[in-house]
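Raw input_25.txt, compact mmCIF, N, CA and C atoms:
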# COMPACT_ATOMS: atom_id res chain seq x y z
N MET E 5 21.05 -22.34 -6.30
CA MET E 5 21.01 -20.95 -5.94
C MET E 5 21.79 -20.07 -6.93
N PRO E 6 22.98 -20.50 -7.41
CA PRO E 6 23.68 -19.66 -8.40
C PRO E 6 22.86 -19.43 -9.67
N VAL E 7 22.09 -20.43 -10.09
CA VAL E 7 21.26 -20.27 -11.29
C VAL E 7 20.23 -19.18 -11.07
N VAL E 8 19.56 -19.22 -9.94
CA VAL E 8 18.52 -18.24 -9.62
C VAL E 8 19.12 -16.84 -9.52
N LEU E 9 20.27 -16.73 -8.87
CA LEU E 9 20.91 -15.42 -8.74
C LEU E 9 21.32 -14.85 -10.10
N TRP E 10 21.89 -15.71 -10.97
CA TRP E 10 22.32 -15.23 -12.28
C TRP E 10 21.10 -14.89 -13.15
N ALA E 11 20.05 -15.70 -13.09
CA ALA E 11 18.83 -15.40 -13.85
C ALA E 11 18.24 -14.06 -13.39
N THR E 12 18.33 -13.78 -12.11
CA THR E 12 17.85 -12.50 -11.58
C THR E 12 18.69 -11.35 -12.15
N CYS E 13 19.99 -11.55 -12.25
CA CYS E 13 20.86 -10.53 -12.87
C CYS E 13 20.46 -10.29 -14.32
N ILE E 14 20.23 -11.37 -15.06
CA ILE E 14 19.82 -11.25 -16.46
C ILE E 14 18.53 -10.44 -16.55
N SER E 15 17.58 -10.73 -15.68
CA SER E 15 16.33 -9.98 -15.69
C SER E 15 16.57 -8.51 -15.37
N GLY E 16 17.51 -8.24 -14.50
CA GLY E 16 17.86 -6.85 -14.20
C GLY E 16 18.43 -6.13 -15.41
N PHE E 17 19.21 -6.87 -16.22
CA PHE E 17 19.77 -6.28 -17.44
C PHE E 17 18.68 -5.97 -18.46
N SER E 18 17.51 -6.56 -18.29
CA SER E 18 16.41 -6.36 -19.23
C SER E 18 15.49 -5.20 -18.85
N THR E 19 15.87 -4.46 -17.85
CA THR E 19 15.07 -3.32 -17.43
C THR E 19 15.46 -2.08 -18.23
N GLY E 20 14.79 -1.00 -17.97
CA GLY E 20 15.08 0.25 -18.64
C GLY E 20 16.45 0.82 -18.32
N VAL E 21 17.09 0.32 -17.29
CA VAL E 21 18.41 0.81 -16.89
C VAL E 21 19.47 0.47 -17.94
N PHE E 22 19.27 -0.63 -18.67
CA PHE E 22 20.28 -1.10 -19.62
C PHE E 22 19.81 -1.00 -21.07
N THR E 23 19.08 0.06 -21.39
CA THR E 23 18.67 0.26 -22.78
C THR E 23 19.88 0.59 -23.64
N GLY E 24 19.72 0.48 -24.94
CA GLY E 24 20.79 0.85 -25.86
C GLY E 24 21.22 2.30 -25.69
N GLN E 25 20.25 3.17 -25.46
CA GLN E 25 20.58 4.59 -25.27
C GLN E 25 21.42 4.81 -24.02
N ARG E 26 21.07 4.11 -22.97
CA ARG E 26 21.82 4.30 -21.71
C ARG E 26 23.23 3.75 -21.81
N THR E 27 23.38 2.55 -22.40
CA THR E 27 24.74 2.01 -22.52
C THR E 27 25.56 2.84 -23.51
N ALA E 28 24.89 3.38 -24.52
CA ALA E 28 25.60 4.23 -25.48
C ALA E 28 26.11 5.51 -24.82
N SER E 29 25.39 6.00 -23.82
CA SER E 29 25.78 7.26 -23.18
C SER E 29 27.15 7.17 -22.50
N PHE E 30 27.56 5.97 -22.08
CA PHE E 30 28.91 5.86 -21.52
C PHE E 30 29.86 5.06 -22.40
N LEU E 31 29.34 4.11 -23.19
CA LEU E 31 30.23 3.33 -24.05
C LEU E 31 30.74 4.10 -25.26
N LEU E 32 29.87 4.89 -25.90
CA LEU E 32 30.31 5.62 -27.09
C LEU E 32 31.43 6.62 -26.78
N PRO E 33 31.34 7.42 -25.71
CA PRO E 33 32.47 8.29 -25.39
C PRO E 33 33.75 7.51 -25.08
N LEU E 34 33.60 6.38 -24.41
CA LEU E 34 34.76 5.54 -24.11
C LEU E 34 35.38 5.00 -25.40
N LEU E 35 34.53 4.50 -26.29
CA LEU E 35 35.02 3.98 -27.57
C LEU E 35 35.67 5.08 -28.40
N ALA E 36 35.08 6.27 -28.38
CA ALA E 36 35.64 7.40 -29.13
C ALA E 36 37.01 7.79 -28.59
N THR E 37 37.20 7.66 -27.28
CA THR E 37 38.49 7.96 -26.67
C THR E 37 39.52 6.88 -27.03
N LEU E 38 39.09 5.63 -26.99
CA LEU E 38 40.00 4.53 -27.31
C LEU E 38 40.35 4.47 -28.79
N PHE E 39 39.39 4.84 -29.63
CA PHE E 39 39.57 4.77 -31.08
C PHE E 39 39.21 6.12 -31.71
N PRO E 40 40.05 7.12 -31.54
CA PRO E 40 39.70 8.48 -31.96
C PRO E 40 39.53 8.64 -33.48
N HIS E 41 40.08 7.76 -34.28
CA HIS E 41 40.01 7.91 -35.73
C HIS E 41 38.87 7.10 -36.36
N VAL E 42 38.10 6.42 -35.52
CA VAL E 42 36.99 5.61 -36.03
C VAL E 42 35.77 6.51 -36.23
N ARG E 43 35.11 6.33 -37.36
CA ARG E 43 33.93 7.16 -37.67
C ARG E 43 32.78 6.84 -36.72
N PRO E 44 31.95 7.84 -36.42
CA PRO E 44 30.85 7.65 -35.46
C PRO E 44 29.92 6.48 -35.80
N GLU E 45 29.62 6.29 -37.09
CA GLU E 45 28.73 5.17 -37.44
C GLU E 45 29.38 3.82 -37.16
N HIS E 46 30.71 3.77 -37.23
CA HIS E 46 31.41 2.53 -36.90
C HIS E 46 31.43 2.31 -35.39
N LEU E 47 31.51 3.40 -34.64
CA LEU E 47 31.42 3.29 -33.18
C LEU E 47 30.06 2.74 -32.77
N LEU E 48 29.02 3.16 -33.46
CA LEU E 48 27.67 2.63 -33.18
C LEU E 48 27.61 1.13 -33.45
N THR E 49 28.27 0.69 -34.52
CA THR E 49 28.30 -0.73 -34.84
C THR E 49 29.07 -1.50 -33.77
N ILE E 50 30.17 -0.94 -33.30
CA ILE E 50 30.94 -1.58 -32.23
C ILE E 50 30.09 -1.67 -30.96
N HIS E 51 29.38 -0.59 -30.66
CA HIS E 51 28.50 -0.57 -29.49
C HIS E 51 27.46 -1.69 -29.59
N GLN E 52 26.86 -1.83 -30.76
CA GLN E 52 25.86 -2.88 -30.96
C GLN E 52 26.50 -4.26 -30.78
N GLY E 53 27.71 -4.42 -31.29
CA GLY E 53 28.42 -5.69 -31.13
C GLY E 53 28.71 -6.01 -29.67
N ILE E 54 29.08 -5.00 -28.91
CA ILE E 54 29.32 -5.19 -27.47
C ILE E 54 28.05 -5.64 -26.78
N ARG E 55 26.92 -5.05 -27.16
CA ARG E 55 25.65 -5.44 -26.56
C ARG E 55 25.30 -6.89 -26.89
N LYS E 56 25.56 -7.31 -28.14
CA LYS E 56 25.28 -8.71 -28.52
C LYS E 56 26.23 -9.65 -27.80
N LEU E 57 27.48 -9.24 -27.65
CA LEU E 57 28.45 -10.05 -26.92
C LEU E 57 28.02 -10.20 -25.46
N ALA E 58 27.42 -9.16 -24.90
CA ALA E 58 26.91 -9.24 -23.53
C ALA E 58 25.80 -10.30 -23.45
N HIS E 59 24.90 -10.32 -24.44
CA HIS E 59 23.86 -11.35 -24.47
C HIS E 59 24.49 -12.74 -24.50
N LEU E 60 25.44 -12.92 -25.39
CA LEU E 60 26.10 -14.21 -25.54
C LEU E 60 26.73 -14.63 -24.22
N THR E 61 27.40 -13.71 -23.57
CA THR E 61 28.10 -14.00 -22.32
C THR E 61 27.13 -14.32 -21.18
N GLU E 62 26.05 -13.56 -21.08
CA GLU E 62 25.05 -13.80 -20.03
C GLU E 62 24.54 -15.24 -20.08
N TYR E 63 24.22 -15.69 -21.28
CA TYR E 63 23.63 -17.02 -21.42
C TYR E 63 24.68 -18.12 -21.46
N PHE E 64 25.90 -17.80 -21.81
CA PHE E 64 27.04 -18.70 -21.67
C PHE E 64 27.15 -19.09 -20.19
N ILE E 65 27.18 -18.06 -19.33
CA ILE E 65 27.29 -18.28 -17.89
C ILE E 65 26.07 -19.02 -17.35
N LEU E 66 24.88 -18.62 -17.77
CA LEU E 66 23.66 -19.29 -17.31
C LEU E 66 23.69 -20.77 -17.64
N SER E 67 24.09 -21.12 -18.85
CA SER E 67 24.08 -22.54 -19.23
C SER E 67 25.10 -23.35 -18.44
N VAL E 68 26.26 -22.76 -18.15
CA VAL E 68 27.25 -23.47 -17.34
C VAL E 68 26.70 -23.72 -15.94
N LEU E 69 26.07 -22.71 -15.36
CA LEU E 69 25.47 -22.88 -14.04
C LEU E 69 24.35 -23.92 -14.06
N LEU E 70 23.53 -23.88 -15.11
CA LEU E 70 22.46 -24.87 -15.25
C LEU E 70 23.03 -26.28 -15.40
N TYR E 71 24.03 -26.43 -16.23
CA TYR E 71 24.64 -27.75 -16.43
C TYR E 71 25.18 -28.30 -15.11
N ARG E 72 25.87 -27.46 -14.37
CA ARG E 72 26.42 -27.90 -13.08
C ARG E 72 25.30 -28.31 -12.12
N ALA E 73 24.19 -27.59 -12.15
CA ALA E 73 23.07 -27.90 -11.26
C ALA E 73 22.34 -29.18 -11.69
N LEU E 74 22.29 -29.44 -12.98
CA LEU E 74 21.51 -30.57 -13.51
C LEU E 74 22.30 -31.86 -13.63
N ARG E 75 23.62 -31.77 -13.69
CA ARG E 75 24.45 -32.96 -13.91
C ARG E 75 24.28 -33.93 -12.75
N GLN E 76 24.04 -35.19 -13.09
CA GLN E 76 23.81 -36.20 -12.07
C GLN E 76 24.96 -37.19 -11.92
N ARG E 77 25.94 -37.11 -12.81
CA ARG E 77 27.08 -38.02 -12.71
C ARG E 77 28.33 -37.30 -13.18
N ALA E 78 29.45 -37.86 -12.82
CA ALA E 78 30.73 -37.27 -13.23
C ALA E 78 30.91 -37.45 -14.74
N GLY E 79 31.69 -36.56 -15.33
CA GLY E 79 31.93 -36.66 -16.76
C GLY E 79 30.79 -36.06 -17.56
N TRP E 80 30.81 -36.35 -18.85
CA TRP E 80 29.82 -35.82 -19.78
C TRP E 80 28.43 -36.36 -19.44
N ASP E 81 27.47 -35.48 -19.32
CA ASP E 81 26.08 -35.85 -19.06
C ASP E 81 25.22 -35.20 -20.15
N MET E 82 24.90 -35.98 -21.16
CA MET E 82 24.18 -35.45 -22.32
C MET E 82 22.80 -34.91 -21.93
N ARG E 83 22.14 -35.59 -21.03
CA ARG E 83 20.82 -35.14 -20.59
C ARG E 83 20.92 -33.76 -19.94
N ALA E 84 21.89 -33.59 -19.06
CA ALA E 84 22.07 -32.31 -18.38
C ALA E 84 22.45 -31.22 -19.37
N ALA E 85 23.31 -31.55 -20.33
CA ALA E 85 23.72 -30.56 -21.34
C ALA E 85 22.52 -30.11 -22.17
N GLY E 86 21.73 -31.06 -22.63
CA GLY E 86 20.55 -30.72 -23.43
C GLY E 86 19.56 -29.89 -22.64
N LEU E 87 19.32 -30.30 -21.41
CA LEU E 87 18.38 -29.55 -20.56
C LEU E 87 18.90 -28.14 -20.27
N ALA E 88 20.19 -28.01 -20.04
CA ALA E 88 20.77 -26.67 -19.77
C ALA E 88 20.53 -25.75 -20.96
N ILE E 89 20.74 -26.25 -22.16
CA ILE E 89 20.55 -25.43 -23.36
C ILE E 89 19.07 -25.10 -23.56
N VAL E 90 18.20 -26.08 -23.38
CA VAL E 90 16.76 -25.85 -23.56
C VAL E 90 16.23 -24.86 -22.52
N ILE E 91 16.60 -25.05 -21.27
CA ILE E 91 16.12 -24.15 -20.21
C ILE E 91 16.64 -22.73 -20.46
N ALA E 92 17.90 -22.60 -20.83
CA ALA E 92 18.46 -21.27 -21.12
C ALA E 92 17.73 -20.64 -22.30
N GLY E 93 17.44 -21.43 -23.34
CA GLY E 93 16.70 -20.91 -24.49
C GLY E 93 15.30 -20.46 -24.11
N LEU E 94 14.63 -21.24 -23.27
CA LEU E 94 13.29 -20.85 -22.81
C LEU E 94 13.35 -19.58 -21.96
N TYR E 95 14.39 -19.49 -21.14
CA TYR E 95 14.54 -18.28 -20.32
C TYR E 95 14.81 -17.07 -21.20
N ALA E 96 15.57 -17.28 -22.27
CA ALA E 96 15.84 -16.19 -23.21
C ALA E 96 14.53 -15.69 -23.84
N MET E 97 13.65 -16.63 -24.20
CA MET E 97 12.35 -16.24 -24.77
C MET E 97 11.53 -15.45 -23.75
N LEU E 98 11.49 -15.94 -22.51
CA LEU E 98 10.75 -15.23 -21.46
C LEU E 98 11.35 -13.85 -21.20
N ASP E 99 12.67 -13.77 -21.24
CA ASP E 99 13.34 -12.49 -21.02
C ASP E 99 12.99 -11.49 -22.12
N GLU E 100 12.98 -11.94 -23.36
CA GLU E 100 12.62 -11.04 -24.46
C GLU E 100 11.14 -10.66 -24.37
N LEU E 101 10.29 -11.58 -23.95
CA LEU E 101 8.88 -11.25 -23.73
C LEU E 101 8.77 -10.18 -22.64
N HIS E 102 9.54 -10.35 -21.57
CA HIS E 102 9.56 -9.35 -20.50
C HIS E 102 9.94 -7.97 -21.06
N GLN E 103 10.91 -7.95 -21.97
CA GLN E 103 11.36 -6.67 -22.52
C GLN E 103 10.27 -5.98 -23.33
N THR E 104 9.36 -6.74 -23.91
CA THR E 104 8.26 -6.11 -24.65
C THR E 104 7.32 -5.36 -23.70
N LEU E 105 7.35 -5.71 -22.42
CA LEU E 105 6.50 -5.05 -21.43
C LEU E 105 7.16 -3.83 -20.80
N VAL E 106 8.46 -3.66 -21.05
CA VAL E 106 9.19 -2.51 -20.52
C VAL E 106 9.10 -1.40 -21.58
N PRO E 107 8.55 -0.23 -21.22
CA PRO E 107 8.31 0.82 -22.21
C PRO E 107 9.52 1.22 -23.05
N SER E 108 10.70 1.23 -22.47
CA SER E 108 11.88 1.68 -23.20
C SER E 108 12.63 0.54 -23.89
N ARG E 109 12.06 -0.67 -23.88
CA ARG E 109 12.74 -1.83 -24.46
C ARG E 109 11.86 -2.48 -25.51
N THR E 110 12.48 -3.33 -26.31
CA THR E 110 11.74 -4.15 -27.27
C THR E 110 12.29 -5.56 -27.20
N GLY E 111 11.46 -6.53 -27.50
CA GLY E 111 11.89 -7.92 -27.56
C GLY E 111 12.44 -8.21 -28.94
N SER E 112 13.35 -9.17 -29.03
CA SER E 112 13.98 -9.48 -30.30
C SER E 112 14.22 -10.98 -30.44
N GLY E 113 13.73 -11.52 -31.54
CA GLY E 113 14.00 -12.92 -31.85
C GLY E 113 15.48 -13.16 -32.10
N ILE E 114 16.15 -12.16 -32.66
CA ILE E 114 17.60 -12.26 -32.89
C ILE E 114 18.32 -12.42 -31.55
N ASP E 115 17.87 -11.67 -30.54
CA ASP E 115 18.51 -11.80 -29.22
C ASP E 115 18.29 -13.19 -28.63
N VAL E 116 17.12 -13.77 -28.85
CA VAL E 116 16.88 -15.15 -28.39
C VAL E 116 17.87 -16.10 -29.06
N LEU E 117 18.10 -15.90 -30.35
CA LEU E 117 19.06 -16.73 -31.09
C LEU E 117 20.47 -16.53 -30.54
N VAL E 118 20.86 -15.28 -30.30
CA VAL E 118 22.19 -14.99 -29.74
C VAL E 118 22.32 -15.62 -28.35
N ASP E 119 21.28 -15.47 -27.53
CA ASP E 119 21.29 -16.02 -26.18
C ASP E 119 21.43 -17.55 -26.21
N THR E 120 20.65 -18.19 -27.06
CA THR E 120 20.69 -19.65 -27.15
C THR E 120 22.03 -20.12 -27.71
N THR E 121 22.60 -19.36 -28.62
CA THR E 121 23.94 -19.68 -29.12
C THR E 121 24.96 -19.59 -27.99
N GLY E 122 24.87 -18.55 -27.18
CA GLY E 122 25.76 -18.41 -26.03
C GLY E 122 25.60 -19.58 -25.07
N ALA E 123 24.36 -20.00 -24.84
CA ALA E 123 24.10 -21.14 -23.94
C ALA E 123 24.71 -22.42 -24.51
N THR E 124 24.57 -22.62 -25.81
CA THR E 124 25.10 -23.82 -26.44
C THR E 124 26.63 -23.83 -26.36
N ILE E 125 27.25 -22.70 -26.69
CA ILE E 125 28.71 -22.60 -26.62
C ILE E 125 29.18 -22.82 -25.18
N GLY E 126 28.51 -22.20 -24.24
CA GLY E 126 28.89 -22.34 -22.83
C GLY E 126 28.83 -23.77 -22.36
N THR E 127 27.74 -24.45 -22.68
CA THR E 127 27.58 -25.84 -22.25
C THR E 127 28.63 -26.72 -22.90
N LEU E 128 28.82 -26.57 -24.21
CA LEU E 128 29.78 -27.42 -24.91
C LEU E 128 31.21 -27.18 -24.45
N LEU E 129 31.59 -25.92 -24.30
CA LEU E 129 32.96 -25.63 -23.84
C LEU E 129 33.19 -26.11 -22.41
N PHE E 130 32.21 -25.89 -21.55
CA PHE E 130 32.36 -26.32 -20.16
C PHE E 130 32.46 -27.83 -20.07
N THR E 131 31.61 -28.53 -20.78
CA THR E 131 31.65 -29.99 -20.70
C THR E 131 32.94 -30.53 -21.33
N ARG E 132 33.42 -29.87 -22.37
CA ARG E 132 34.69 -30.30 -22.97
C ARG E 132 35.84 -30.04 -22.00
N TRP E 133 35.85 -28.89 -21.36
CA TRP E 133 36.88 -28.57 -20.39
C TRP E 133 36.88 -29.56 -19.24
N ARG E 134 35.70 -29.95 -18.80
CA ARG E 134 35.58 -30.88 -17.68
C ARG E 134 36.13 -32.26 -18.01
N THR E 135 36.20 -32.61 -19.29
CA THR E 135 36.67 -33.95 -19.66
C THR E 135 38.14 -33.99 -20.04
N LEU E 136 38.82 -32.84 -20.09
CA LEU E 136 40.24 -32.83 -20.43
C LEU E 136 41.06 -33.34 -19.25
N PRO E 137 41.90 -34.35 -19.46
CA PRO E 137 42.69 -34.88 -18.35
C PRO E 137 43.63 -33.81 -17.78
N GLY E 138 43.64 -33.72 -16.46
CA GLY E 138 44.57 -32.82 -15.81
C GLY E 138 44.14 -31.37 -15.73
N LEU E 139 43.04 -31.00 -16.39
CA LEU E 139 42.63 -29.59 -16.37
C LEU E 139 41.43 -29.32 -15.49
N ALA E 140 40.59 -30.30 -15.32
CA ALA E 140 39.40 -30.09 -14.51
C ALA E 140 39.77 -30.02 -13.04
N PRO E 141 39.01 -29.24 -12.25
CA PRO E 141 39.30 -29.13 -10.82
C PRO E 141 39.23 -30.50 -10.15
N GLY E 142 40.13 -30.74 -9.22
CA GLY E 142 40.10 -31.97 -8.46
C GLY E 142 40.73 -33.15 -9.15
N ARG E 143 41.28 -32.96 -10.35
CA ARG E 143 41.94 -34.05 -11.06
C ARG E 143 43.45 -33.83 -11.05
N ARG E 144 44.18 -34.91 -11.05
CA ARG E 144 45.65 -34.82 -11.11
C ARG E 144 46.06 -34.92 -12.57
N GLN E 145 47.09 -34.20 -12.91
CA GLN E 145 47.61 -34.30 -14.27
C GLN E 145 48.31 -35.63 -14.43
N ARG E 146 48.26 -36.15 -15.65
CA ARG E 146 48.82 -37.46 -15.95
C ARG E 146 50.35 -37.50 -15.85
N ASP E 147 51.02 -36.37 -16.02
CA ASP E 147 52.48 -36.37 -16.03
C ASP E 147 53.09 -36.26 -14.63
N GLY E 148 52.27 -36.26 -13.60
CA GLY E 148 52.78 -36.22 -12.24
C GLY E 148 52.91 -34.82 -11.67
N ASN E 149 52.80 -33.77 -12.49
CA ASN E 149 52.85 -32.40 -11.98
C ASN E 149 51.52 -32.02 -11.40
N GLN E 150 51.55 -31.20 -10.38
CA GLN E 150 50.28 -30.77 -9.79
C GLN E 150 50.15 -29.28 -9.83
What is this structure when it is put down as structure tokens?
Amino acid sequence: MPVVLWATCISGFSTGVFTGQRTASFLLPLLATLFPHVRPEHLLTIHQGIRKLAHLTEYFILSVLLYRALRQRAGWDMRAAGLAIVIAGLYAMLDELHQTLVPSRTGSGIDVLVDTTGATIGTLLFTRWRTLPGLAPGRRQRDGNQ
């Protein structure tokens, strides 16, 4: 269920509500306030970077949720990790295709690459975190502290 709910959120972000123009209407004034000496063209670059970081983060989260849903055993599950990345990448392609159908949006192969990179980073970091002794939920630390 968390995967479906998050995928639905991602699809919502792909509507006309979250176009570059709309996010710029509130992010650019905020950035200009936070960084008053930065030139407007640099603020636009920062805005674009924030949007790409949002893509990365969306698919980072999606891949972690997918990995958790697909994992069949404790510890590292290579099959689940690979499937999480592939499914997230396929969803990224479908999402960009969806954006080509929204009049105020365009699809982007670069965004698919950013999304898939986010999914890969998310899966790898999550699986690495899960295998660290004493850090994963439900595990006791080796030094006796809890």
### Message
Using all atoms listed in the file for the distances, tell me which of E:Val106, E:Leu35, E:Leu129, E:Ile54 is nearest to E:Thr19.
### Response
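Smallest distance to E:Thr19 is found for E:Val106.
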### Message
Quick check, in Å to one decimal: how far apart do atom N of E:Ala84 and atom N of E:Ser18 lie?
### Response
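A separation of 27.4 Å between them.
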### Query
Looking only at the backbone, which of the residues in chain E does DSSP tag as helix (DSSP H, G or I), as a PyMOL selection string?
chain E and resi 6-17+20-22+24-38+44-74+82-105+113-135
### Task
Anything within 12 Å of (16.2, -19.0, -25.5): list those residues as JSON, numbers by chain, counting only C-alpha atoms and sticking to the file's coordinates.
{"E": [59, 60, 62, 63, 64, 66, 67, 87, 88, 89, 90, 91, 92, 93, 94, 95, 96, 97, 98, 99, 100, 101, 112, 113, 114, 115, 116, 117, 118, 119, 120, 121, 122, 123, 124]}
### Query
Given the choices E:Thr131, E:Thr61, E:Gln76, E:Thr49, which gets closest to E:Leu31 if the distance is worked out from only C-alpha atoms?
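Of the candidates, the smallest distance to E:Leu31 is held by E:Thr49.
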### Point-to-point distance in Å for atom N of E:Ile65 and atom C of E:Gln52
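Answer for the atom C of E:Gln52 to atom N of E:Ile65 separation: 17.9 Å.
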### Query
With all atoms listed in the file as the atoms that count, which of E:Leu105, E:Ala36, E:Leu69, E:Leu74 lies nearest to E:Thr127?
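Closest residue, counting all atoms listed in the file: E:Leu69.
What separates atom CA of E:Thr23 from atom N of E:Thr110 is a distance of 8.0 Å.
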